[in-house]
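The structure under discussion appears below in the form of structure tokens.
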Amino acid sequence: MKQNIVKLPTDDFIVTYRGDIVENRHQVHAAIVDANGNMLYTVGDPSRVTLIRSAAKPAQALAIMETGASEHFSFNDADLALMCASHNSEERHVSQARSMIAKVDAKETDLRCGGHVALSDAVNRAWIKADYTPTGICNNCSGKHVGMIAGAKCLGADVSDYHLSENPMQLLVKRVVEDLTKLKEDEVKWGIDGCNLPAPAIPLYALAQMFGTLAAAVDSDEGSISQERSQNLARIFHAMTQHPELVGGEGRFCTRLMTAFQGSLVGKLGAEGCYGMGIRVAEQTKNLGTDTALGIAIKIEDGNIQILYTALMEILEQIGVGTPEIRRELADFHHPKLLNTAGVEIGHFDCAFKVRAVR
């Protein structure tokens, strides 16, 4: 990392009011770096070690591609988008996952992720009405798990334990995460994610570096990574931005964000209030003092997802990324209304933090 990390006071909050009464203070941490890893702006503690959860999916997808699975099993860009998804379990998502299972000649029972309640209220209502019990193919991470099965097959590894940390597939994921974050092996900690795969914990600036590298690959084959890896990263970026409906689903922030920005940035949610974003080089990024792509990583200390989206939109506004017209398309995330069950507006959000330039 080409930077000196300065630990700043962690007093940056989004405050929620009920009437004129402070109800909650949500602490915000964020790192904004260029694709070379230079720290440009911060909020709170940019070195806060964070379990990045599903924000790791582009790196996991890259590891799958580097096994040769994409070519061997003829995965298309829609398949790659689903590998990077935390999807709604809508029919289009489940159908895509089933298509992928067929391509790798596997069975749904090979999945080690399990079923869960859908991230979409509409899907849950339909499931309840049909008395349907979701299985692993409906898991919001099902695309990634099918990809892991494919990667394990290409590596000649045991498919039955593709999810375990000692499996060659997961050992490759670890190396890829270390490469993309420019961290040493002992600087990356590992837990178990909600979907039963290993989940990395890294400083926020390293997550921002990962997404900056992802965005930079689209516009340049140069840099510290190989041409093949750069091409793979560019394909992942395009897969996510060209199929945003598969990455999230109806009404989801990731989907609406990438739809609104029309290929200029990629974004991925991680559970418990974490987010990674990569922004391609443009006049707006050059105005921030860099000639490269940008990476943004953010963590809300208490894990609140609604607050996460508000904070992210506030950061984009403060650093001037996106036109006012684009940001207005996402205004319901930036300035959500606090309503009670009668539909009465009873409070508001105050973005009390300021993005600080690193001098």
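Letters for chains follow the order of the structure tokens (A, B, ...), residue numbers begin at 1 for each chain, and ligand numbers begin at 1 in the order shown.
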
Identify all residues of stretch 158-317 of chain A in helix (DSSP H, G or I) (DSSP on the backbone) and supply them as JSON, numbers by chain.
{"A": [159, 160, 161, 168, 169, 170, 171, 172, 173, 174, 175, 176, 177, 178, 179, 180, 181, 185, 186, 187, 204, 205, 206, 207, 208, 209, 210, 211, 212, 213, 214, 215, 216, 227, 228, 229, 230, 231, 232, 233, 234, 235, 236, 237, 238, 239, 240, 241, 242, 244, 245, 246, 247, 253, 254, 255, 256, 257, 258, 259, 260, 261, 283, 284, 285, 286, 305, 306, 307, 308, 309, 310, 311, 312, 313, 314, 315, 316, 317]}

Residues of stretch 123-223 of chain A that have any atom at most 7 Å from an atom of stretch 60-72 of chain A: could you tabulate them with the shortest-distance atom pair and the distance in Å to one decimal, using only C-alpha atoms, ordered by chain and increasing number, as a tab-separated table?
residue	atom	partner	partner_atom	distance
A:Gly147	CA	A:Ile64	CA	6.3
A:Met148	CA	A:Ile64	CA	6.4
A:Ala150	CA	A:Ala69	CA	5.8
A:Gly151	CA	A:Ile64	CA	5.1
A:Cys154	CA	A:Thr67	CA	5.9
A:Leu155	CA	A:Thr67	CA	6.4
A:Leu172	CA	A:Ala63	CA	6.2
A:Val173	CA	A:Ala63	CA	5.3
A:Val176	CA	A:Ala63	CA	6.2

Just N, CA and C atoms for this one: save the residues we selected as a PDB file, in the first residue's frame.
ATOM      1  N   GLY A 147     -20.424 -21.797  -8.768  1.00  0.00           N
ATOM      2  CA  GLY A 147     -19.105 -21.459  -9.293  1.00  0.00           C
ATOM      3  C   GLY A 147     -17.990 -22.156  -8.538  1.00  0.00           C
ATOM      4  N   MET A 148     -18.128 -22.260  -7.215  1.00  0.00           N
ATOM      5  CA  MET A 148     -17.120 -22.951  -6.406  1.00  0.00           C
ATOM      6  C   MET A 148     -17.061 -24.441  -6.743  1.00  0.00           C
ATOM      7  N   ALA A 150     -17.770 -25.701  -9.665  1.00  0.00           N
ATOM      8  CA  ALA A 150     -17.105 -25.750 -10.968  1.00  0.00           C
ATOM      9  C   ALA A 150     -15.597 -25.589 -10.814  1.00  0.00           C
ATOM     10  N   GLY A 151     -15.179 -24.632  -9.974  1.00  0.00           N
ATOM     11  CA  GLY A 151     -13.761 -24.406  -9.761  1.00  0.00           C
ATOM     12  C   GLY A 151     -13.080 -25.598  -9.125  1.00  0.00           C
ATOM     13  N   CYS A 154     -12.453 -28.218 -11.719  1.00  0.00           N
ATOM     14  CA  CYS A 154     -11.331 -27.891 -12.610  1.00  0.00           C
ATOM     15  C   CYS A 154      -9.987 -28.084 -11.919  1.00  0.00           C
ATOM     16  N   LEU A 155      -9.957 -27.932 -10.600  1.00  0.00           N
ATOM     17  CA  LEU A 155      -8.724 -28.123  -9.842  1.00  0.00           C
ATOM     18  C   LEU A 155      -8.485 -29.584  -9.476  1.00  0.00           C
ATOM     19  N   LEU A 172      -7.154 -21.139  -3.134  1.00  0.00           N
ATOM     20  CA  LEU A 172      -6.971 -20.214  -4.254  1.00  0.00           C
ATOM     21  C   LEU A 172      -7.673 -18.888  -3.976  1.00  0.00           C
ATOM     22  N   VAL A 173      -8.888 -18.938  -3.418  1.00  0.00           N
ATOM     23  CA  VAL A 173      -9.595 -17.709  -3.052  1.00  0.00           C
ATOM     24  C   VAL A 173      -8.739 -16.878  -2.104  1.00  0.00           C
ATOM     25  N   VAL A 176      -5.992 -15.096  -3.990  1.00  0.00           N
ATOM     26  CA  VAL A 176      -6.529 -14.005  -4.809  1.00  0.00           C
ATOM     27  C   VAL A 176      -6.880 -12.797  -3.951  1.00  0.00           C
TER      28      VAL A 176
END

Point-to-point distance in Å for atom CA of A:Val104 and atom CA of A:Tyr132
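Atom-to-atom, atom CA of A:Tyr132 and atom CA of A:Val104 are spaced 26.1 Å apart.
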
Those of stretch 101-322 of chain A in DSSP strand (DSSP E or B), formatted as a PyMOL selection string:
chain A and resi 189-192+198-203+265-270+274-279+294-300

If we count only C-alpha atoms, what is near A:Lys107 at a cut-off of 12 Å, once residues fewer than 2 positions away on the same chain are taken out, given as a ChimeraX atom specification?
/A:97-105,109-112,136-137,145-146,149-150,159-160

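Across A:Asn76, A:Asn124, A:Thr16, A:Asn340, the tightest approach to A:Ile236 is made by A:Asn76 when counting only C-alpha atoms.
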
Env of stretch 256-268 of chain A: 8 Å cut, atoms = only C-alpha atoms, seq-sep filter 3 positions within chain, self excluded. Answer as a PyMOL selection string.
chain A and resi 54-55+215+237-238+240-242+244+251-253+275-280+322+326+329-330

Could you turn the residues from that selection into a file that holds N, CA, C and O atoms, as a PDB file, in the first residue's frame?
ATOM      1  N   SER A  54     -20.259 -10.582   1.709  1.00  0.00           N
ATOM      2  CA  SER A  54     -20.529 -10.744   0.273  1.00  0.00           C
ATOM      3  C   SER A  54     -19.853  -9.697  -0.598  1.00  0.00           C
ATOM      4  O   SER A  54     -19.864  -9.821  -1.826  1.00  0.00           O
ATOM      5  N   ALA A  55     -19.253  -8.671  -0.008  1.00  0.00           N
ATOM      6  CA  ALA A  55     -18.455  -7.736  -0.810  1.00  0.00           C
ATOM      7  C   ALA A  55     -17.200  -8.408  -1.355  1.00  0.00           C
ATOM      8  O   ALA A  55     -16.535  -7.869  -2.238  1.00  0.00           O
ATOM      9  N   ALA A 215     -12.241  -1.786 -10.903  1.00  0.00           N
ATOM     10  CA  ALA A 215     -12.679  -0.737 -11.831  1.00  0.00           C
ATOM     11  C   ALA A 215     -11.571  -0.341 -12.795  1.00  0.00           C
ATOM     12  O   ALA A 215     -11.825  -0.068 -13.974  1.00  0.00           O
ATOM     13  N   PHE A 237     -16.441  -6.993 -13.976  1.00  0.00           N
ATOM     14  CA  PHE A 237     -17.041  -5.649 -13.887  1.00  0.00           C
ATOM     15  C   PHE A 237     -18.193  -5.522 -14.877  1.00  0.00           C
ATOM     16  O   PHE A 237     -19.305  -5.101 -14.514  1.00  0.00           O
ATOM     17  N   HIS A 238     -17.948  -5.890 -16.132  1.00  0.00           N
ATOM     18  CA  HIS A 238     -18.988  -5.756 -17.157  1.00  0.00           C
ATOM     19  C   HIS A 238     -20.165  -6.693 -16.876  1.00  0.00           C
ATOM     20  O   HIS A 238     -21.328  -6.315 -17.111  1.00  0.00           O
ATOM     21  N   MET A 240     -21.349  -7.636 -13.993  1.00  0.00           N
ATOM     22  CA  MET A 240     -22.158  -7.060 -12.920  1.00  0.00           C
ATOM     23  C   MET A 240     -22.923  -5.837 -13.382  1.00  0.00           C
ATOM     24  O   MET A 240     -24.104  -5.660 -13.050  1.00  0.00           O
ATOM     25  N   THR A 241     -22.267  -4.963 -14.164  1.00  0.00           N
ATOM     26  CA  THR A 241     -22.926  -3.724 -14.568  1.00  0.00           C
ATOM     27  C   THR A 241     -23.913  -3.936 -15.714  1.00  0.00           C
ATOM     28  O   THR A 241     -24.860  -3.151 -15.863  1.00  0.00           O
ATOM     29  N   GLN A 242     -23.719  -4.981 -16.519  1.00  0.00           N
ATOM     30  CA  GLN A 242     -24.650  -5.266 -17.603  1.00  0.00           C
ATOM     31  C   GLN A 242     -25.820  -6.148 -17.164  1.00  0.00           C
ATOM     32  O   GLN A 242     -26.835  -6.216 -17.856  1.00  0.00           O
ATOM     33  N   PRO A 244     -27.259  -5.994 -13.719  1.00  0.00           N
ATOM     34  CA  PRO A 244     -27.449  -5.584 -12.318  1.00  0.00           C
ATOM     35  C   PRO A 244     -28.669  -6.238 -11.677  1.00  0.00           C
ATOM     36  O   PRO A 244     -28.715  -6.411 -10.461  1.00  0.00           O
ATOM     37  N   GLY A 251     -35.850  -3.646  -6.761  1.00  0.00           N
ATOM     38  CA  GLY A 251     -35.811  -2.690  -5.664  1.00  0.00           C
ATOM     39  C   GLY A 251     -34.526  -2.649  -4.875  1.00  0.00           C
ATOM     40  O   GLY A 251     -34.373  -1.773  -4.011  1.00  0.00           O
ATOM     41  N   ARG A 252     -33.574  -3.545  -5.150  1.00  0.00           N
ATOM     42  CA  ARG A 252     -32.365  -3.618  -4.333  1.00  0.00           C
ATOM     43  C   ARG A 252     -31.375  -2.507  -4.698  1.00  0.00           C
ATOM     44  O   ARG A 252     -31.264  -2.106  -5.861  1.00  0.00           O
ATOM     45  N   PHE A 253     -30.617  -2.049  -3.710  1.00  0.00           N
ATOM     46  CA  PHE A 253     -29.710  -0.924  -3.903  1.00  0.00           C
ATOM     47  C   PHE A 253     -28.657  -1.217  -4.956  1.00  0.00           C
ATOM     48  O   PHE A 253     -28.400  -0.378  -5.839  1.00  0.00           O
ATOM     49  N   TYR A 275     -19.838  -2.269   2.453  1.00  0.00           N
ATOM     50  CA  TYR A 275     -20.048  -2.071   1.015  1.00  0.00           C
ATOM     51  C   TYR A 275     -18.718  -1.771   0.347  1.00  0.00           C
ATOM     52  O   TYR A 275     -17.859  -1.076   0.890  1.00  0.00           O
ATOM     53  N   GLY A 276     -18.564  -2.322  -0.878  1.00  0.00           N
ATOM     54  CA  GLY A 276     -17.409  -2.027  -1.717  1.00  0.00           C
ATOM     55  C   GLY A 276     -17.870  -1.456  -3.042  1.00  0.00           C
ATOM     56  O   GLY A 276     -18.850  -1.923  -3.619  1.00  0.00           O
ATOM     57  N   MET A 277     -17.154  -0.446  -3.534  1.00  0.00           N
ATOM     58  CA  MET A 277     -17.507   0.199  -4.799  1.00  0.00           C
ATOM     59  C   MET A 277     -16.245   0.522  -5.581  1.00  0.00           C
ATOM     60  O   MET A 277     -15.248   0.975  -5.022  1.00  0.00           O
ATOM     61  N   GLY A 278     -16.293   0.282  -6.893  1.00  0.00           N
ATOM     62  CA  GLY A 278     -15.208   0.668  -7.785  1.00  0.00           C
ATOM     63  C   GLY A 278     -15.731   1.617  -8.838  1.00  0.00           C
ATOM     64  O   GLY A 278     -16.752   1.344  -9.474  1.00  0.00           O
ATOM     65  N   ILE A 279     -15.045   2.736  -9.049  1.00  0.00           N
ATOM     66  CA  ILE A 279     -15.493   3.795  -9.955  1.00  0.00           C
ATOM     67  C   ILE A 279     -14.454   3.991 -11.042  1.00  0.00           C
ATOM     68  O   ILE A 279     -13.277   4.252 -10.757  1.00  0.00           O
ATOM     69  N   ARG A 280     -14.878   3.854 -12.284  1.00  0.00           N
ATOM     70  CA  ARG A 280     -13.946   4.000 -13.409  1.00  0.00           C
ATOM     71  C   ARG A 280     -13.427   5.433 -13.507  1.00  0.00           C
ATOM     72  O   ARG A 280     -14.086   6.391 -13.099  1.00  0.00           O
ATOM     73  N   GLY A 322     -21.055  11.284  -9.842  1.00  0.00           N
ATOM     74  CA  GLY A 322     -22.415  11.190 -10.368  1.00  0.00           C
ATOM     75  C   GLY A 322     -23.050  12.554 -10.509  1.00  0.00           C
ATOM     76  O   GLY A 322     -22.757  13.476  -9.750  1.00  0.00           O
ATOM     77  N   ILE A 326     -28.535  11.714 -11.641  1.00  0.00           N
ATOM     78  CA  ILE A 326     -28.342  10.307 -11.261  1.00  0.00           C
ATOM     79  C   ILE A 326     -28.617  10.134  -9.775  1.00  0.00           C
ATOM     80  O   ILE A 326     -29.315   9.188  -9.373  1.00  0.00           O
ATOM     81  N   GLU A 329     -32.185   9.849  -8.784  1.00  0.00           N
ATOM     82  CA  GLU A 329     -32.810   8.550  -9.003  1.00  0.00           C
ATOM     83  C   GLU A 329     -32.687   7.645  -7.782  1.00  0.00           C
ATOM     84  O   GLU A 329     -33.463   6.686  -7.623  1.00  0.00           O
ATOM     85  N   LEU A 330     -31.735   7.950  -6.919  1.00  0.00           N
ATOM     86  CA  LEU A 330     -31.478   7.136  -5.733  1.00  0.00           C
ATOM     87  C   LEU A 330     -31.789   7.907  -4.450  1.00  0.00           C
ATOM     88  O   LEU A 330     -31.330   7.538  -3.372  1.00  0.00           O
TER      89      LEU A 330
END

Across A:Pro58, A:Gly273, A:Gly320, A:Gly156, the smallest distance to A:Lys286, with only C-alpha atoms counted, is shown by A:Gly320

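Residue nearest A:Ala35, chosen from A:Glu301, A:Asp350, A:Asp193, A:Asp291 and counting only C-alpha atoms: A:Asp291.
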
Taking 4 positions as the minimum chain separation for residues in the same chain, which residues sit within 10 Å of stretch 127-130 of chain A when counting only C-alpha atoms? Answer as a ChimeraX atom specification.
/A:117-118,121-123,134
